[in-house]
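Data block below; observations after.
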Amino acid sequence: MMRIGILEAGRPAPALLETHGDYIAMFESLLAPAMPEAEFLGYAAIDGHLPRSLDEADGWLITGSAFGVYDRDPWIGALKKFAREAIDRGQPVFGICFGHQLVAEIMGGRAEKSDAGWGIGVHDYAVRAPADWMADAPSRFGNLVSHQDQVTVPPPGAKLLAGSDFCPNAMLEILPNAATLQSHPEMPAAYCRDLYESRRERIGAATVDEALASLANPIDAALVAGWIGNFFRKNLNG
């Protein structure tokens with residue numbers, strides 16, 4: 001049994017939370033079929049609740065967030081410190097969206113608001129150089145996204161696994177035990193539909209309508225879940 005700690009860096013707005021649940025539950029639903037041998041432990045990092053010890057789990061996954069990794073909230077600094085300690089210890093750490101940006105930053109890269117603006121809907125990524133845990137990776141895959149920030153400068157030595165014209169540094173292997181992904185394989189399409197609608201005025205009607213139409217495109221969430229499972233297995237089982 002492997003223990004994977006899910007570090008919750010954000011949560012849905014109250015109306016969405018009531019209907020769709022939190023990000024910890026979304027990740028458990030995504031990963032449980034791909035990692036039947038895993039136990040998932042949730043930690044509300046956004047509330048300042050981090051594990052007392054790295055020994056509480058074997059590996060860590062950092063969720064998305066409406067915050068930016070450049071924000072100065074104390075919990076963000078504490079999460080950065082915890083993630084760096086886990087990586088330096090050799091524990092596997094996988095970052096999603098905000099987590100992708102946070103891990104890239106603590107390892108020497110840079111994340112910031114992108115001139116490309118909002119990315120929402122199903123985005124198509126080209127696989128550039130697949131890691132060995134991306135078994136039988138196709139040349140492209142589709143995933144749901146919701147972000148303004150991007151990793152604009154990857155950490156030194158990072159391997160670019162996948163990207164797009166909109167988000168060139170969408171998936172990185174920074175070290176054998178540190179990998180990241182900008183997109184949201186954990187988010188169901190129904191949740192994203194409600195999320196995008198709730199931000200119609202903020203994002204713009206035309207962008208939201210285009211994103212809603214893209215929900216008819218293939219969403220390779222199970223494929224990515226398998227990659228994440230393989231990443232943890234490789235690091236924890238050899």
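Going through the structure tokens in order, the chains are called A, B, and so on, while each chain numbers its residues from 1 and the ligands are numbered from 1 in the order shown.
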
Exercise for review: Identify, on the basis of only C-alpha atoms, every residue whose closest approach to Ile228 (chain A) does not exceed 9 Å; exclude the query and any residue fewer than 2 positions from it along the same chain; express the result as a VMD selection string.
Suggested key: chain A and resid 31 34 to 35 94 133 to 134 223 to 226 230 to 233

Exercise for review: Identify, on the basis of only C-alpha atoms, every residue whose closest approach to Gly59 (chain A) does not exceed 6 Å; exclude the query and any residue fewer than 3 positions from it along the same chain; express the result as a list in words.
Suggested key: Ile4, Gln91, Pro92 and Val93 of chain A

**Study point:** Top pick for closest residue to Thr152 (chain A), considering A:Asp136, A:Glu105, A:Asp124, A:Glu210 and counting only C-alpha atoms
**Key:**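 Of all the options, A:Glu105 lies closest to Thr152 (chain A).
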
Practice item. Could you give me, as a PyMOL selection string, each residue of region 12-199 of chain A that DSSP assigns to strand (DSSP E) when run on this structure's backbone? Key: chain A and resi 38-43+59-62+93-96+110-113+119-127+140-147+149-153+159-163+171-175+178-181

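Nearest residue to Gly64 (chain A), choosing from A:Arg140, A:His100, A:His20, A:His123 and counting only C-alpha atoms: A:His100.
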
Review point. Which residues come within 12 Å of Phe82 (chain A), counting only C-alpha atoms, excluding same-chain residues fewer than 4 positions away, as a PyMOL selection string?
Key: chain A and resi 7+45+48-54+60-62+75-78+86-89+91+93+102-103+106

Exercise for review: Extract, using only C-alpha atoms, all DNA, RNA and protein residues at most 8 Å from Gln148 (chain A), discarding same-chain residues fewer than 5 positions from it, and format them as a list in words.
Suggested key: Lys113, Ser114, Ala116, Gly117, Trp118 and Gly119 of chain A

Practice item. Tell me which protein, DNA and RNA residues are within 7 Å of Gln101 (chain A), counting only C-alpha atoms, leaving out same-chain ones fewer than 6 positions away, and put them as a list in words. Key: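 Close residues of Gln101 (chain A): Val69, Ala111, Gln150 and Val151 of chain A.
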
Exercise for review: Based on DSSP run over this structure's backbone, return all residues of region 12-124 of chain A in alpha helix (DSSP H), as JSON, numbers by chain.
Suggested key: {"A": [14, 15, 16, 17, 18, 19, 20, 23, 24, 25, 26, 27, 28, 29, 30, 31, 74, 75, 76, 77, 78, 79, 80, 81, 82, 83, 84, 85, 86, 87, 88, 89, 98, 99, 100, 101, 102, 103, 104, 105, 106]}

Would you export the selected residues with N, CA and C atoms as a CSV table (one decimal), in the first residue's frame, please?
chain,number,residue,atom,x,y,z
A,14,PRO,N,-18.2,28.2,-3.0
A,14,PRO,CA,-19.2,27.4,-2.2
A,14,PRO,C,-20.3,26.7,-3.0
A,15,ALA,N,-20.9,27.4,-4.0
A,15,ALA,CA,-22.0,26.8,-4.8
A,15,ALA,C,-21.4,25.6,-5.6
A,16,LEU,N,-20.3,25.7,-6.1
A,16,LEU,CA,-19.6,24.6,-6.9
A,16,LEU,C,-19.2,23.5,-5.9
A,17,LEU,N,-18.7,23.9,-4.8
A,17,LEU,CA,-18.3,22.9,-3.8
A,17,LEU,C,-19.5,22.0,-3.3
A,18,GLU,N,-20.6,22.6,-3.1
A,18,GLU,CA,-21.8,21.9,-2.7
A,18,GLU,C,-22.2,20.9,-3.8
A,19,THR,N,-22.1,21.3,-5.0
A,19,THR,CA,-22.6,20.4,-6.1
A,19,THR,C,-21.6,19.4,-6.5
A,20,HIS,N,-20.3,19.8,-6.5
A,20,HIS,CA,-19.3,18.9,-7.2
A,20,HIS,C,-18.2,18.4,-6.2
A,23,TYR,N,-11.4,19.5,-4.3
A,23,TYR,CA,-10.4,19.0,-5.2
A,23,TYR,C,-9.8,17.7,-4.7
A,24,ILE,N,-9.8,17.5,-3.4
A,24,ILE,CA,-9.2,16.2,-2.9
A,24,ILE,C,-10.1,15.1,-3.3
A,25,ALA,N,-11.4,15.2,-3.3
A,25,ALA,CA,-12.4,14.2,-3.7
A,25,ALA,C,-12.2,14.0,-5.2
A,26,MET,N,-12.0,15.1,-6.0
A,26,MET,CA,-11.9,14.9,-7.4
A,26,MET,C,-10.6,14.1,-7.8
A,27,PHE,N,-9.5,14.3,-7.0
A,27,PHE,CA,-8.3,13.6,-7.3
A,27,PHE,C,-8.5,12.1,-6.9
A,28,GLU,N,-9.1,11.9,-5.8
A,28,GLU,CA,-9.4,10.5,-5.4
A,28,GLU,C,-10.2,9.8,-6.5
A,29,SER,N,-11.2,10.4,-7.0
A,29,SER,CA,-12.1,9.8,-8.0
A,29,SER,C,-11.2,9.5,-9.3
A,30,LEU,N,-10.4,10.4,-9.6
A,30,LEU,CA,-9.5,10.3,-10.8
A,30,LEU,C,-8.5,9.1,-10.6
A,31,LEU,N,-7.8,9.1,-9.5
A,31,LEU,CA,-6.7,8.3,-9.4
A,31,LEU,C,-7.0,6.9,-8.8
A,74,PRO,N,1.0,33.5,3.8
A,74,PRO,CA,1.9,32.6,4.5
A,74,PRO,C,1.8,31.1,4.2
A,75,TRP,N,0.5,30.7,3.9
A,75,TRP,CA,0.4,29.2,3.6
A,75,TRP,C,1.1,28.8,2.4
A,76,ILE,N,1.2,29.8,1.4
A,76,ILE,CA,1.9,29.4,0.2
A,76,ILE,C,3.4,29.2,0.4
A,77,GLY,N,4.0,30.1,1.2
A,77,GLY,CA,5.4,30.0,1.6
A,77,GLY,C,5.6,28.7,2.4
A,78,ALA,N,4.7,28.3,3.2
A,78,ALA,CA,4.9,27.1,4.0
A,78,ALA,C,4.8,25.9,3.1
A,79,LEU,N,3.9,25.9,2.1
A,79,LEU,CA,3.7,24.8,1.1
A,79,LEU,C,5.0,24.7,0.3
A,80,LYS,N,5.5,25.8,-0.1
A,80,LYS,CA,6.8,25.8,-0.9
A,80,LYS,C,7.9,25.1,-0.1
A,81,LYS,N,8.0,25.5,1.1
A,81,LYS,CA,9.0,24.9,2.0
A,81,LYS,C,8.8,23.4,2.1
A,82,PHE,N,7.6,23.0,2.4
A,82,PHE,CA,7.3,21.5,2.5
A,82,PHE,C,7.6,20.8,1.2
A,83,ALA,N,7.1,21.3,0.1
A,83,ALA,CA,7.4,20.6,-1.2
A,83,ALA,C,8.8,20.5,-1.5
A,84,ARG,N,9.6,21.5,-1.2
A,84,ARG,CA,11.1,21.4,-1.5
A,84,ARG,C,11.7,20.4,-0.6
A,85,GLU,N,11.3,20.4,0.7
A,85,GLU,CA,11.9,19.4,1.6
A,85,GLU,C,11.6,17.9,1.1
A,86,ALA,N,10.3,17.7,0.6
A,86,ALA,CA,9.9,16.4,0.2
A,86,ALA,C,10.8,16.0,-1.1
A,87,ILE,N,11.0,17.0,-2.0
A,87,ILE,CA,11.7,16.7,-3.2
A,87,ILE,C,13.2,16.4,-2.8
A,88,ASP,N,13.7,17.2,-1.9
A,88,ASP,CA,15.1,17.0,-1.6
A,88,ASP,C,15.3,15.7,-0.8
A,89,ARG,N,14.3,15.2,-0.1
A,89,ARG,CA,14.4,14.0,0.5
A,89,ARG,C,14.3,12.8,-0.4
A,98,PHE,N,-1.7,25.1,-10.3
A,98,PHE,CA,-0.9,25.8,-9.3
A,98,PHE,C,0.3,25.0,-8.7
A,99,GLY,N,0.0,23.7,-8.5
A,99,GLY,CA,1.1,22.8,-8.1
A,99,GLY,C,2.2,22.7,-9.1
A,100,HIS,N,1.9,22.7,-10.4
A,100,HIS,CA,2.8,22.7,-11.5
A,100,HIS,C,3.7,23.9,-11.4
A,101,GLN,N,3.1,25.1,-11.2
A,101,GLN,CA,3.8,26.3,-11.1
A,101,GLN,C,4.7,26.4,-9.9
A,102,LEU,N,4.1,25.9,-8.7
A,102,LEU,CA,4.8,26.0,-7.5
A,102,LEU,C,6.1,25.2,-7.5
A,103,VAL,N,6.0,23.9,-8.0
A,103,VAL,CA,7.1,23.1,-8.0
A,103,VAL,C,8.2,23.6,-9.0
A,104,ALA,N,7.7,24.2,-10.1
A,104,ALA,CA,8.7,24.7,-11.1
A,104,ALA,C,9.4,25.9,-10.4
A,105,GLU,N,8.7,26.7,-9.7
A,105,GLU,CA,9.3,27.9,-9.1
A,105,GLU,C,10.3,27.5,-8.0
A,106,ILE,N,10.0,26.6,-7.1
A,106,ILE,CA,10.9,26.3,-6.0
A,106,ILE,C,12.1,25.5,-6.6

Study note, to complete from the structure: Of A:Leu181, A:Leu212, A:Cys192, A:Ala170, the one sitting nearest Ser146 (chain A) when using only C-alpha atoms is A:Cys192

**Study point:** Residues near Ala211 (chain A), cut-off 6 Å, only C-alpha atoms, skip fewer than 2 positions along chain, as a PyMOL selection string
**Key:** chain A and resi 120-121+208-209+213-214

Check your understanding: For Asp194 (chain A), which residue among A:Cys97, A:Ala131, A:Met107, A:Leu215 is the nearest when counting only C-alpha atoms?
Key -> A:Leu215

**Study point:** Proximity to Lys159 (chain A) - best of A:Thr180, A:Asn237, A:Asn143, A:Thr207, only C-alpha atoms
**Key:** A:Thr180
